[in-house]
>>> print(open('start35.cif').read())   # mmCIF, C-alpha atoms and all ligand atoms
data_final
#
loop_
_atom_site.group_PDB
_atom_site.id
_atom_site.type_symbol
_atom_site.label_atom_id
_atom_site.label_comp_id
_atom_site.auth_asym_id
_atom_site.auth_seq_id
_atom_site.Cartn_x
_atom_site.Cartn_y
_atom_site.Cartn_z
ATOM 1 C CA MET A 5 75.334 106.008 76.643
ATOM 2 C CA THR A 6 72.411 106.703 78.948
ATOM 3 C CA ALA A 7 69.750 109.286 78.199
ATOM 4 C CA LEU A 8 71.358 111.523 80.781
ATOM 5 C CA ASP A 9 74.739 111.283 79.077
ATOM 6 C CA ALA A 10 72.962 112.194 75.865
ATOM 7 C CA GLY A 11 71.462 115.208 77.615
ATOM 8 C CA LEU A 12 74.903 116.400 78.658
ATOM 9 C CA ALA A 13 76.763 115.550 75.470
ATOM 10 C CA PRO A 14 78.035 118.497 73.423
ATOM 11 C CA VAL A 15 75.434 119.871 71.059
ATOM 12 C CA ARG A 16 75.911 120.489 67.395
ATOM 13 C CA ALA A 17 76.206 124.245 67.187
ATOM 14 C CA ALA A 18 73.861 125.917 64.724
ATOM 15 C CA GLY A 19 75.012 128.852 62.631
ATOM 16 C CA VAL A 20 72.678 131.753 61.941
ATOM 17 C CA GLU A 21 72.083 133.643 58.749
ATOM 18 C CA VAL A 22 69.765 136.609 58.476
ATOM 19 C CA HIS A 23 69.383 138.002 55.009
ATOM 20 C CA GLY A 24 67.568 141.142 53.919
ATOM 21 C CA ALA A 25 65.297 141.061 56.957
ATOM 22 C CA HIS A 26 62.435 143.552 56.914
ATOM 23 C CA LYS A 27 59.893 143.929 59.676
ATOM 24 C CA SER A 28 57.428 146.745 60.246
ATOM 25 C CA TYR A 29 54.891 147.417 62.953
ATOM 26 C CA GLY A 30 52.398 149.647 61.219
ATOM 27 C CA THR A 31 54.454 152.501 59.805
ATOM 28 C CA ASN A 32 57.391 151.733 62.110
ATOM 29 C CA HIS A 33 59.994 150.082 59.868
ATOM 30 C CA VAL A 34 61.942 148.374 62.632
ATOM 31 C CA LEU A 35 64.155 146.081 60.560
ATOM 32 C CA ALA A 36 64.972 147.677 57.245
ATOM 33 C CA GLY A 37 67.177 145.119 55.554
ATOM 34 C CA VAL A 38 69.239 143.460 58.262
ATOM 35 C CA ASP A 39 71.999 141.057 57.277
ATOM 36 C CA LEU A 40 73.788 139.043 59.901
ATOM 37 C CA THR A 41 75.893 135.899 59.810
ATOM 38 C CA ALA A 42 77.017 133.999 62.895
ATOM 39 C CA ALA A 43 79.228 130.959 62.377
ATOM 40 C CA PRO A 44 78.466 127.770 64.301
ATOM 41 C CA GLY A 45 79.963 128.019 67.776
ATOM 42 C CA SER A 46 80.638 131.740 67.539
ATOM 43 C CA VAL A 47 79.630 134.460 69.992
ATOM 44 C CA THR A 48 77.946 137.557 68.583
ATOM 45 C CA VAL A 49 77.186 140.603 70.712
ATOM 46 C CA VAL A 50 74.486 142.919 69.370
ATOM 47 C CA LEU A 51 74.648 146.560 70.427
ATOM 48 C CA GLY A 52 72.312 149.394 69.593
ATOM 49 C CA PRO A 53 70.251 152.195 71.050
ATOM 50 C CA SER A 54 66.936 151.506 72.735
ATOM 51 C CA GLY A 55 64.266 150.911 70.109
ATOM 52 C CA SER A 56 66.756 150.007 67.373
ATOM 53 C CA GLY A 57 65.196 146.570 66.866
ATOM 54 C CA LYS A 58 67.561 144.339 68.837
ATOM 55 C CA SER A 59 64.779 142.385 70.551
ATOM 56 C CA THR A 60 62.827 142.209 67.313
ATOM 57 C CA LEU A 61 65.883 140.740 65.592
ATOM 58 C CA LEU A 62 66.203 138.003 68.236
ATOM 59 C CA ARG A 63 62.476 137.306 68.074
ATOM 60 C CA VAL A 64 62.688 136.974 64.316
ATOM 61 C CA ILE A 65 65.623 134.543 64.602
ATOM 62 C CA ASN A 66 63.574 132.505 67.060
ATOM 63 C CA HIS A 67 60.501 132.793 64.892
ATOM 64 C CA LEU A 68 58.458 134.483 67.576
ATOM 65 C CA GLU A 69 57.860 137.129 64.910
ATOM 66 C CA LYS A 70 57.448 136.685 61.198
ATOM 67 C CA LEU A 71 59.445 138.675 58.715
ATOM 68 C CA ASP A 72 57.728 140.796 56.111
ATOM 69 C CA ARG A 73 60.589 140.111 53.729
ATOM 70 C CA GLY A 74 63.961 138.338 53.768
ATOM 71 C CA TYR A 75 64.860 135.120 55.498
ATOM 72 C CA VAL A 76 66.454 133.615 58.537
ATOM 73 C CA SER A 77 68.213 130.322 58.641
ATOM 74 C CA VAL A 78 69.402 128.453 61.692
ATOM 75 C CA GLY A 79 71.608 125.407 61.359
ATOM 76 C CA GLY A 80 71.590 125.737 57.593
ATOM 77 C CA GLU A 81 67.847 125.460 57.124
ATOM 78 C CA PRO A 82 65.637 128.458 56.479
ATOM 79 C CA ILE A 83 63.232 128.783 59.367
ATOM 80 C CA GLY A 84 59.751 129.892 58.744
ATOM 81 C CA VAL A 85 60.436 132.506 56.245
ATOM 82 C CA ARG A 86 59.909 134.064 52.979
ATOM 83 C CA ARG A 87 62.863 134.321 50.698
ATOM 84 C CA ALA A 88 63.412 137.741 49.234
ATOM 85 C CA GLY A 89 62.128 137.932 45.707
ATOM 86 C CA ASP A 90 60.548 134.491 45.683
ATOM 87 C CA ARG A 91 56.879 133.923 45.818
ATOM 88 C CA LEU A 92 56.157 133.999 49.497
ATOM 89 C CA LYS A 93 56.852 130.636 50.950
ATOM 90 C CA GLU A 94 56.705 129.584 54.541
ATOM 91 C CA LEU A 95 57.644 126.428 56.328
ATOM 92 C CA PRO A 96 54.752 124.585 57.918
ATOM 93 C CA GLU A 97 54.150 125.421 61.569
ATOM 94 C CA ARG A 98 55.255 121.944 62.567
ATOM 95 C CA ALA A 99 58.688 122.384 60.956
ATOM 96 C CA ILE A 100 59.000 125.759 62.630
ATOM 97 C CA LEU A 101 58.280 124.232 66.020
ATOM 98 C CA VAL A 102 60.927 121.588 65.463
ATOM 99 C CA GLN A 103 63.436 124.283 64.507
ATOM 100 C CA ARG A 104 62.528 126.438 67.474
ATOM 101 C CA ARG A 105 63.302 123.608 69.837
ATOM 102 C CA ARG A 106 66.930 123.900 68.770
ATOM 103 C CA ILE A 107 67.029 127.491 69.983
ATOM 104 C CA GLY A 108 67.275 128.562 73.616
ATOM 105 C CA PHE A 109 66.061 132.004 74.637
ATOM 106 C CA VAL A 110 67.146 133.862 77.764
ATOM 107 C CA PHE A 111 64.971 136.855 78.578
ATOM 108 C CA GLN A 112 65.730 140.086 80.374
ATOM 109 C CA ASN A 113 63.156 139.279 83.060
ATOM 110 C CA PHE A 114 63.992 135.574 83.465
ATOM 111 C CA ASN A 115 60.418 134.394 82.717
ATOM 112 C CA LEU A 116 60.588 131.486 85.148
ATOM 113 C CA PHE A 117 57.411 129.725 86.193
ATOM 114 C CA PRO A 118 56.784 131.220 89.662
ATOM 115 C CA HIS A 119 54.907 128.179 90.977
ATOM 116 C CA LEU A 120 57.682 125.716 90.059
ATOM 117 C CA THR A 121 60.949 125.072 91.877
ATOM 118 C CA ALA A 122 64.271 125.711 90.176
ATOM 119 C CA LEU A 123 64.518 121.994 89.471
ATOM 120 C CA GLU A 124 61.028 121.821 87.970
ATOM 121 C CA ASN A 125 61.616 124.926 85.878
ATOM 122 C CA VAL A 126 64.586 123.194 84.254
ATOM 123 C CA ALA A 127 63.169 119.657 84.073
ATOM 124 C CA ALA A 128 59.752 120.630 82.726
ATOM 125 C CA ALA A 129 60.663 121.168 79.089
ATOM 126 C CA PRO A 130 62.692 118.011 78.306
ATOM 127 C CA ALA A 131 60.120 115.932 80.196
ATOM 128 C CA ALA A 132 57.199 117.558 78.377
ATOM 129 C CA THR A 133 58.691 117.146 74.900
ATOM 130 C CA GLY A 134 59.318 113.480 75.600
ATOM 131 C CA ASP A 135 63.029 113.949 74.867
ATOM 132 C CA LEU A 136 63.831 112.406 78.231
ATOM 133 C CA SER A 137 61.986 110.243 80.706
ATOM 134 C CA ARG A 138 60.941 112.095 83.826
ATOM 135 C CA PRO A 139 63.770 110.637 86.006
ATOM 136 C CA ASP A 140 66.332 111.492 83.324
ATOM 137 C CA ALA A 141 64.900 115.019 82.975
ATOM 138 C CA VAL A 142 65.241 115.491 86.731
ATOM 139 C CA ALA A 143 68.785 114.122 86.721
ATOM 140 C CA LEU A 144 69.698 116.411 83.825
ATOM 141 C CA ALA A 145 68.153 119.406 85.612
ATOM 142 C CA GLU A 146 70.254 118.645 88.692
ATOM 143 C CA GLU A 147 73.394 118.481 86.560
ATOM 144 C CA LEU A 148 72.603 121.723 84.776
ATOM 145 C CA LEU A 149 71.782 123.580 87.994
ATOM 146 C CA GLU A 150 75.079 122.385 89.375
ATOM 147 C CA ARG A 151 76.800 123.637 86.242
ATOM 148 C CA VAL A 152 75.399 127.148 86.817
ATOM 149 C CA GLY A 153 76.422 127.028 90.482
ATOM 150 C CA LEU A 154 72.996 126.359 91.985
ATOM 151 C CA ALA A 155 73.278 122.800 93.251
ATOM 152 C CA ASP A 156 71.986 123.965 96.642
ATOM 153 C CA LYS A 157 68.949 125.757 95.189
ATOM 154 C CA VAL A 158 67.175 122.948 93.361
ATOM 155 C CA ALA A 159 64.175 123.095 95.714
ATOM 156 C CA ALA A 160 63.914 126.892 95.815
ATOM 157 C CA TYR A 161 61.096 128.795 94.153
ATOM 158 C CA PRO A 162 61.940 131.808 91.984
ATOM 159 C CA ARG A 163 60.749 134.275 94.650
ATOM 160 C CA GLN A 164 63.307 132.804 97.058
ATOM 161 C CA LEU A 165 66.170 133.468 94.646
ATOM 162 C CA SER A 166 68.104 136.619 93.789
ATOM 163 C CA GLY A 167 67.783 138.011 90.279
ATOM 164 C CA GLY A 168 71.192 136.617 89.390
ATOM 165 C CA GLN A 169 70.213 133.169 90.649
ATOM 166 C CA GLN A 170 66.908 133.318 88.765
ATOM 167 C CA GLN A 171 68.717 134.191 85.570
ATOM 168 C CA ARG A 172 71.106 131.291 86.086
ATOM 169 C CA VAL A 173 68.106 128.967 86.472
ATOM 170 C CA ALA A 174 66.754 130.425 83.224
ATOM 171 C CA ILE A 175 70.059 129.652 81.505
ATOM 172 C CA ALA A 176 69.998 126.076 82.832
ATOM 173 C CA ARG A 177 66.443 125.800 81.516
ATOM 174 C CA ALA A 178 67.524 127.027 78.085
ATOM 175 C CA LEU A 179 70.273 124.386 78.081
ATOM 176 C CA ALA A 180 67.930 121.543 78.997
ATOM 177 C CA LEU A 181 66.668 121.213 75.432
ATOM 178 C CA ARG A 182 70.243 121.026 74.147
ATOM 179 C CA PRO A 183 69.961 123.998 71.818
ATOM 180 C CA GLY A 184 72.479 124.553 69.053
ATOM 181 C CA LEU A 185 71.881 128.271 69.425
ATOM 182 C CA ILE A 186 71.155 130.404 72.469
ATOM 183 C CA LEU A 187 69.746 133.910 72.160
ATOM 184 C CA CYS A 188 70.075 136.207 75.176
ATOM 185 C CA ASP A 189 68.134 139.459 75.267
ATOM 186 C CA GLU A 190 69.773 141.857 77.729
ATOM 187 C CA PRO A 191 70.281 139.012 80.201
ATOM 188 C CA THR A 192 71.779 141.230 82.904
ATOM 189 C CA SER A 193 69.973 144.527 82.494
ATOM 190 C CA ALA A 194 67.333 143.747 85.143
ATOM 191 C CA LEU A 195 69.996 142.838 87.697
ATOM 192 C CA ASP A 196 71.554 144.812 90.507
ATOM 193 C CA PRO A 197 75.126 145.664 89.484
ATOM 194 C CA GLU A 198 76.706 143.253 91.954
ATOM 195 C CA LEU A 199 74.820 140.325 90.370
ATOM 196 C CA VAL A 200 75.788 141.022 86.767
ATOM 197 C CA GLY A 201 79.157 139.271 86.994
ATOM 198 C CA GLU A 202 77.826 135.877 88.076
ATOM 199 C CA VAL A 203 75.432 135.723 85.123
ATOM 200 C CA LEU A 204 78.007 136.917 82.592
ATOM 201 C CA SER A 205 80.415 134.331 83.900
ATOM 202 C CA VAL A 206 77.864 131.545 83.280
ATOM 203 C CA ILE A 207 77.260 132.860 79.759
ATOM 204 C CA LYS A 208 80.996 132.940 79.205
ATOM 205 C CA ASP A 209 81.181 129.275 80.226
ATOM 206 C CA LEU A 210 78.463 128.512 77.707
ATOM 207 C CA ALA A 211 80.502 130.179 75.019
ATOM 208 C CA ALA A 212 83.363 127.854 75.877
ATOM 209 C CA THR A 213 81.156 124.792 75.325
ATOM 210 C CA GLY A 214 80.790 125.672 71.659
ATOM 211 C CA THR A 215 77.098 126.579 71.516
ATOM 212 C CA THR A 216 76.421 129.462 69.142
ATOM 213 C CA LEU A 217 75.476 132.548 71.138
ATOM 214 C CA VAL A 218 73.825 135.789 70.088
ATOM 215 C CA VAL A 219 73.708 138.169 73.025
ATOM 216 C CA VAL A 220 72.122 141.597 73.163
ATOM 217 C CA THR A 221 73.945 143.433 75.930
ATOM 218 C CA HIS A 222 75.467 146.769 76.767
ATOM 219 C CA GLU A 223 78.185 145.056 78.790
ATOM 220 C CA ILE A 224 81.109 146.226 76.696
ATOM 221 C CA GLY A 225 83.647 144.390 78.853
ATOM 222 C CA PHE A 226 81.858 141.123 78.117
ATOM 223 C CA ALA A 227 81.805 141.916 74.403
ATOM 224 C CA ARG A 228 85.500 142.647 74.428
ATOM 225 C CA GLU A 229 86.397 139.488 76.291
ATOM 226 C CA VAL A 230 83.996 136.917 74.844
ATOM 227 C CA ALA A 231 82.607 138.039 71.490
ATOM 228 C CA ASP A 232 83.940 136.871 68.156
ATOM 229 C CA GLN A 233 82.009 139.658 66.487
ATOM 230 C CA VAL A 234 80.123 142.748 67.588
ATOM 231 C CA VAL A 235 77.199 144.066 65.586
ATOM 232 C CA PHE A 236 75.930 147.628 65.886
ATOM 233 C CA LEU A 237 72.286 148.011 64.939
ATOM 234 C CA ASP A 238 70.744 151.433 64.371
ATOM 235 C CA GLY A 239 68.024 152.821 62.176
ATOM 236 C CA GLY A 240 66.837 149.337 61.242
ATOM 237 C CA VAL A 241 70.122 148.225 59.692
ATOM 238 C CA VAL A 242 73.475 146.820 60.742
ATOM 239 C CA VAL A 243 75.573 149.978 60.659
ATOM 240 C CA GLU A 244 78.784 148.166 61.382
ATOM 241 C CA GLN A 245 80.063 144.782 62.457
ATOM 242 C CA GLY A 246 83.429 143.287 63.168
ATOM 243 C CA PRO A 247 85.743 141.824 65.781
ATOM 244 C CA PRO A 248 85.410 143.561 69.157
ATOM 245 C CA THR A 249 88.738 145.349 68.993
ATOM 246 C CA GLN A 250 87.874 146.807 65.622
ATOM 247 C CA LEU A 251 84.313 147.872 66.366
ATOM 248 C CA LEU A 252 84.882 149.019 69.933
ATOM 249 C CA ASP A 253 88.268 150.658 69.565
ATOM 250 C CA HIS A 254 88.216 151.802 65.955
ATOM 251 C CA PRO A 255 84.582 152.237 64.942
ATOM 252 C CA ALA A 256 84.285 153.272 61.321
ATOM 253 C CA HIS A 257 80.966 155.099 61.594
ATOM 254 C CA ALA A 258 80.045 158.260 63.427
ATOM 255 C CA ARG A 259 76.838 156.693 64.734
ATOM 256 C CA THR A 260 78.800 153.840 66.290
ATOM 257 C CA ARG A 261 81.228 156.291 67.897
ATOM 258 C CA GLU A 262 78.394 158.357 69.274
ATOM 259 C CA PHE A 263 76.655 155.290 70.736
ATOM 260 C CA LEU A 264 79.848 153.939 72.282
ATOM 261 C CA GLY A 265 80.539 157.359 73.760
ATOM 262 C CA LYS A 266 77.303 156.990 75.726
ATOM 263 C CA VAL A 267 77.705 153.417 76.973
ATOM 264 C CA LEU A 268 81.436 153.191 77.613
HETATM 265 P P1 LIG B 301 65.235 147.266 71.194
HETATM 266 O O1 LIG B 301 65.195 145.884 71.726
HETATM 267 O O2 LIG B 301 66.443 147.577 70.363
HETATM 268 O O3 LIG B 301 65.058 148.294 72.272
HETATM 269 P P2 LIG B 301 62.722 146.541 69.956
HETATM 270 O O4 LIG B 301 63.056 145.492 68.965
HETATM 271 O O5 LIG B 301 62.122 146.099 71.235
HETATM 272 O O6 LIG B 301 64.005 147.457 70.195
HETATM 273 O O7 LIG B 301 61.709 147.565 69.316
HETATM 274 C C1 LIG B 301 61.984 148.272 68.127
HETATM 275 C C2 LIG B 301 60.795 149.137 67.772
HETATM 276 O O8 LIG B 301 59.693 148.286 67.454
HETATM 277 C C3 LIG B 301 60.316 150.038 68.892
HETATM 278 O O9 LIG B 301 59.917 151.249 68.313
HETATM 279 C C4 LIG B 301 59.139 149.284 69.467
HETATM 280 O O10 LIG B 301 58.216 150.180 70.025
HETATM 281 C C5 LIG B 301 58.580 148.590 68.254
HETATM 282 N N1 LIG B 301 57.928 147.321 68.583
HETATM 283 C C6 LIG B 301 58.529 146.218 69.084
HETATM 284 N N2 LIG B 301 57.667 145.206 69.235
HETATM 285 C C7 LIG B 301 56.462 145.669 68.822
HETATM 286 C C8 LIG B 301 55.156 145.101 68.713
HETATM 287 N N3 LIG B 301 54.925 143.819 69.063
HETATM 288 N N4 LIG B 301 54.160 145.891 68.239
HETATM 289 C C9 LIG B 301 54.407 147.162 67.856
HETATM 290 N N5 LIG B 301 55.605 147.750 67.933
HETATM 291 C C10 LIG B 301 56.624 147.023 68.403
HETATM 292 MG MG MG B 302 65.092 145.074 73.605
#
>>> encode(input="start35.cif", output="structure tokens")
Amino acid sequence: MTALDAGLAPVRAAGVEVHGAHKSYGTNHVLAGVDLTAAPGSVTVVLGPSGSGKSTLLRVINHLEKLDRGYVSVGGEPIGVRRAGDRLKELPERAILVQRRRIGFVFQNFNLFPHLTALENVAAAPAATGDLSRPDAVALAEELLERVGLADKVAAYPRQLSGGQQQRVAIARALALRPGLILCDEPTSALDPELVGEVLSVIKDLAATGTTLVVVTHEIGFAREVADQVVFLDGGVVVEQGPPTQLLDHPAHARTREFLGKVL
């Protein structure tokens, strides 16, 4: 198997467990005891009003933010956290970095490097980490851009691409490090409506490859079609979670019903 084959081989999906997660900013208790479990290879859609802590939750899972209390584990290993009740214990930064490399993050605003072509945006990370030689990183980037339907845009700079194309480059970039988990934070909310479908369709393809996905989105149709579970976050806690048909069609809580009444 060549390095490129290795780059394209299926990844080992990483499950996620968030337990008793607390996070405050000053007096703002944003996560007030969040529990969430996502099985390896599953798709979780996170819903919730603006300011309910959805982005904070993803940032905590990716260890961009530290918890005040509780723990997160990805792929069965606690990442960078303090276990509730224990004396505070944290993984060394180095271990956290290793863990974080297993996690892809897709941002609302794409966050591509503006001075790099689509190809370079995707090839940069696996080349820089030394996972792949430079020629293999370039070959992998070409494959991944083709997979997201952008074979003809390898040489384009972000400013020459539509928002939907930029987001697809960002997804290819997330895939280049072969993550076992991909977190997407409102991946289509910065897009013109006619571009939403192409990005959701790429994310749907990802789901089919078996990578664990946690997606914050208000695209209820996507949740219904692709999610294994839907989680409704409000007031710093998971108010309700379940299969899409249950949560979307028969929500048990008034707050969930009220929220869905606004977005549906
Ligand atoms: P959502 O993504 O659901 O809209 P966020 O997780 O972005 O919510 O934010 C939840 C709350 O935490 C908001 O009140 C926000 O202002 C606050 N918050 C988020 N990040 C920070 C930060 N780095 N510093 C201070 N407050 C923050
Ligand atoms: Mg957010």
>>> residues_near_ligand(input="start35.cif", ligand="ligand MG 302 (chain B)", cutoff="9 Å", atoms="only C-alpha atoms and all ligand atoms", output="list in words")
Ser54, Gly55, Ser56, Gly57, Lys58, Ser59, Thr60, Leu62, Gln112, Asp189, Glu190 and Val220 of chain A
>>> residues_near_point(input="start35.cif", point="(62.5, 127.2, 84.0)", cutoff="12 Å", atoms="all atoms listed in the file", output="VMD selection string")
chain A and resid 108 to 111 114 to 130 145 148 to 149 158 160 to 162 169 to 181
>>> residues_around(input="start35.cif", residues="Thr192 in chain A", least_positions_apart="2", cutoff="10 Å", atoms="only C-alpha atoms", output="mmCIF file with C-alpha atoms, keeping the file's coordinate frame")
data_model
loop_
_atom_site.group_PDB
_atom_site.id
_atom_site.type_symbol
_atom_site.label_atom_id
_atom_site.label_comp_id
_atom_site.auth_asym_id
_atom_site.auth_seq_id
_atom_site.Cartn_x
_atom_site.Cartn_y
_atom_site.Cartn_z
ATOM 1 C CA PHE A 111 64.971 136.855 78.578
ATOM 2 C CA GLN A 112 65.730 140.086 80.374
ATOM 3 C CA ASN A 113 63.156 139.279 83.060
ATOM 4 C CA PHE A 114 63.992 135.574 83.465
ATOM 5 C CA GLY A 167 67.783 138.011 90.279
ATOM 6 C CA GLY A 168 71.192 136.617 89.390
ATOM 7 C CA GLN A 171 68.717 134.191 85.570
ATOM 8 C CA CYS A 188 70.075 136.207 75.176
ATOM 9 C CA ASP A 189 68.134 139.459 75.267
ATOM 10 C CA GLU A 190 69.773 141.857 77.729
ATOM 11 C CA ALA A 194 67.333 143.747 85.143
ATOM 12 C CA LEU A 195 69.996 142.838 87.697
ATOM 13 C CA ASP A 196 71.554 144.812 90.507
ATOM 14 C CA PRO A 197 75.126 145.664 89.484
ATOM 15 C CA LEU A 199 74.820 140.325 90.370
ATOM 16 C CA VAL A 200 75.788 141.022 86.767
ATOM 17 C CA GLY A 201 79.157 139.271 86.994
ATOM 18 C CA GLU A 202 77.826 135.877 88.076
ATOM 19 C CA VAL A 203 75.432 135.723 85.123
ATOM 20 C CA LEU A 204 78.007 136.917 82.592
ATOM 21 C CA VAL A 220 72.122 141.597 73.163
ATOM 22 C CA THR A 221 73.945 143.433 75.930
ATOM 23 C CA HIS A 222 75.467 146.769 76.767
ATOM 24 C CA GLU A 223 78.185 145.056 78.790
#
>>> closest_residue(input="start35.cif", among="A:Ala227, A:Leu51, A:Ala18, A:Val38", to="ligand LIG 301 (chain B)", atoms="all atoms listed in the file")
A:Leu51
>>> resolve_selection(input="start35.cif", expression="the PyMOL selection byres (((chain A and resi 73) around 6) and not hetatm)", output="list in words")
Ala25, His26, Leu71, Asp72, Gly74 and Ala88 of chain A
>>> axis_aligned_box(input="start35.cif", around="ligand LIG 301 (chain B)", padding_each_side="6 Å", output="lines of an AutoDock Vina configuration file")
center_x = 60.3
center_y = 147.5
center_z = 69.9
size_x = 24.3
size_y = 19.4
size_z = 16.8
>>> resolve_selection(input="start35.cif", expression="the PyMOL selection byres (((chain A and resi 186) around 7) and not hetatm)", output="VMD selection string")
chain A and resid 107 to 109 183 to 185 187 to 188 216 to 218
>>> atom_distance(input="start35.cif", atom1="CA of Val267 in chain A", atom2="CA of Ile224 in chain A")
8.0 Å
>>> residues_around(input="start35.cif", residues="range 236-249 of chain A", least_positions_apart="6", cutoff="10 Å", atoms="only C-alpha atoms", output="PyMOL selection string")
chain A and resi 24-28+32-40+48-58+61+224-230+255-260+263-264
>>> write_last_selection(input="start35.cif", atoms="C-alpha atoms", output="compact mmCIF listing (two decimals), in the coordinates of the input")
# COMPACT_ATOMS: atom_id res chain seq x y z
CA GLY A 24 67.57 141.14 53.92
CA ALA A 25 65.30 141.06 56.96
CA HIS A 26 62.44 143.55 56.91
CA LYS A 27 59.89 143.93 59.68
CA SER A 28 57.43 146.74 60.25
CA ASN A 32 57.39 151.73 62.11
CA HIS A 33 59.99 150.08 59.87
CA VAL A 34 61.94 148.37 62.63
CA LEU A 35 64.16 146.08 60.56
CA ALA A 36 64.97 147.68 57.24
CA GLY A 37 67.18 145.12 55.55
CA VAL A 38 69.24 143.46 58.26
CA ASP A 39 72.00 141.06 57.28
CA LEU A 40 73.79 139.04 59.90
CA THR A 48 77.95 137.56 68.58
CA VAL A 49 77.19 140.60 70.71
CA VAL A 50 74.49 142.92 69.37
CA LEU A 51 74.65 146.56 70.43
CA GLY A 52 72.31 149.39 69.59
CA PRO A 53 70.25 152.20 71.05
CA SER A 54 66.94 151.51 72.74
CA GLY A 55 64.27 150.91 70.11
CA SER A 56 66.76 150.01 67.37
CA GLY A 57 65.20 146.57 66.87
CA LYS A 58 67.56 144.34 68.84
CA LEU A 61 65.88 140.74 65.59
CA ILE A 224 81.11 146.23 76.70
CA GLY A 225 83.65 144.39 78.85
CA PHE A 226 81.86 141.12 78.12
CA ALA A 227 81.81 141.92 74.40
CA ARG A 228 85.50 142.65 74.43
CA GLU A 229 86.40 139.49 76.29
CA VAL A 230 84.00 136.92 74.84
CA PRO A 255 84.58 152.24 64.94
CA ALA A 256 84.28 153.27 61.32
CA HIS A 257 80.97 155.10 61.59
CA ALA A 258 80.04 158.26 63.43
CA ARG A 259 76.84 156.69 64.73
CA THR A 260 78.80 153.84 66.29
CA PHE A 263 76.66 155.29 70.74
CA LEU A 264 79.85 153.94 72.28
>>> closest_residue(input="start35.cif", among="A:Gly214, A:Pro96, A:Gly153, A:Gly30", to="Pro44 in chain A", atoms="all atoms listed in the file")
A:Gly214
>>> resolve_selection(input="start35.cif", expression="the PyMOL selection byres (((chain A and resi 21) around 6) and not hetatm)", output="compact mmCIF listing (two decimals) with C-alpha atoms, in the coordinates of the input")
# COMPACT_ATOMS: atom_id res chain seq x y z
CA VAL A 20 72.68 131.75 61.94
CA VAL A 22 69.76 136.61 58.48
CA LEU A 40 73.79 139.04 59.90
CA THR A 41 75.89 135.90 59.81
CA VAL A 76 66.45 133.62 58.54
CA SER A 77 68.21 130.32 58.64
>>> closest_residue(input="start35.cif", among="A:Arg16, A:Leu268, A:Val64, A:Ser166", to="ligand LIG 301 (chain B)", atoms="only C-alpha atoms and all ligand atoms")
A:Val64
>>> atom_distance(input="start35.cif", atom1="CA of Ala211 in chain A", atom2="CA of Leu154 in chain A")
18.9 Å
>>> closest_residue(input="start35.cif", among="A:Val219, A:Ala212, A:Gly134, A:Ile100", to="ligand LIG 301 (chain B)", atoms="all atoms listed in the file")
A:Val219
>>> closest_residue(input="start35.cif", among="A:Leu252, A:Val15, A:Ala155, A:Val102", to="Gln233 in chain A", atoms="all atoms listed in the file")
A:Leu252
>>> closest_residue(input="start35.cif", among="A:Asp253, A:Gln103, A:Ser205, A:Ser193", to="ligand LIG 301 (chain B)", atoms="all atoms listed in the file")
A:Ser193
>>> atom_distance(input="start35.cif", atom1="atom O3 of ligand LIG 301 (chain B)", atom2="CA of Ala42 in chain A")
20.9 Å
>>> decode(input="start35.cif", residues="range 222-232 of chain A", atoms="N, CA and C atoms", output="compact mmCIF listing (two decimals), in the first residue's frame")
# COMPACT_ATOMS: atom_id res chain seq x y z
N HIS A 222 -29.04 24.22 11.58
CA HIS A 222 -30.49 24.40 11.69
C HIS A 222 -31.20 23.81 10.48
N GLU A 223 -30.44 23.04 9.68
CA GLU A 223 -31.03 22.41 8.50
C GLU A 223 -31.77 21.15 8.95
N ILE A 224 -33.06 21.34 9.22
CA ILE A 224 -33.84 20.24 9.79
C ILE A 224 -33.99 19.08 8.81
N GLY A 225 -34.06 19.41 7.52
CA GLY A 225 -34.17 18.36 6.50
C GLY A 225 -32.96 17.45 6.53
N PHE A 226 -31.79 18.05 6.69
CA PHE A 226 -30.54 17.29 6.79
C PHE A 226 -30.58 16.39 8.03
N ALA A 227 -31.00 16.97 9.14
CA ALA A 227 -31.08 16.20 10.39
C ALA A 227 -31.98 14.98 10.20
N ARG A 228 -33.11 15.23 9.58
CA ARG A 228 -34.09 14.15 9.40
C ARG A 228 -33.52 13.04 8.54
N GLU A 229 -32.80 13.44 7.49
CA GLU A 229 -32.34 12.46 6.52
C GLU A 229 -31.07 11.73 6.96
N VAL A 230 -30.16 12.45 7.64
CA VAL A 230 -28.81 11.91 7.84
C VAL A 230 -28.51 11.55 9.29
N ALA A 231 -29.13 12.25 10.24
CA ALA A 231 -28.71 12.08 11.63
C ALA A 231 -29.17 10.74 12.21
N ASP A 232 -28.30 10.16 13.04
CA ASP A 232 -28.71 9.04 13.88
C ASP A 232 -29.38 9.55 15.14
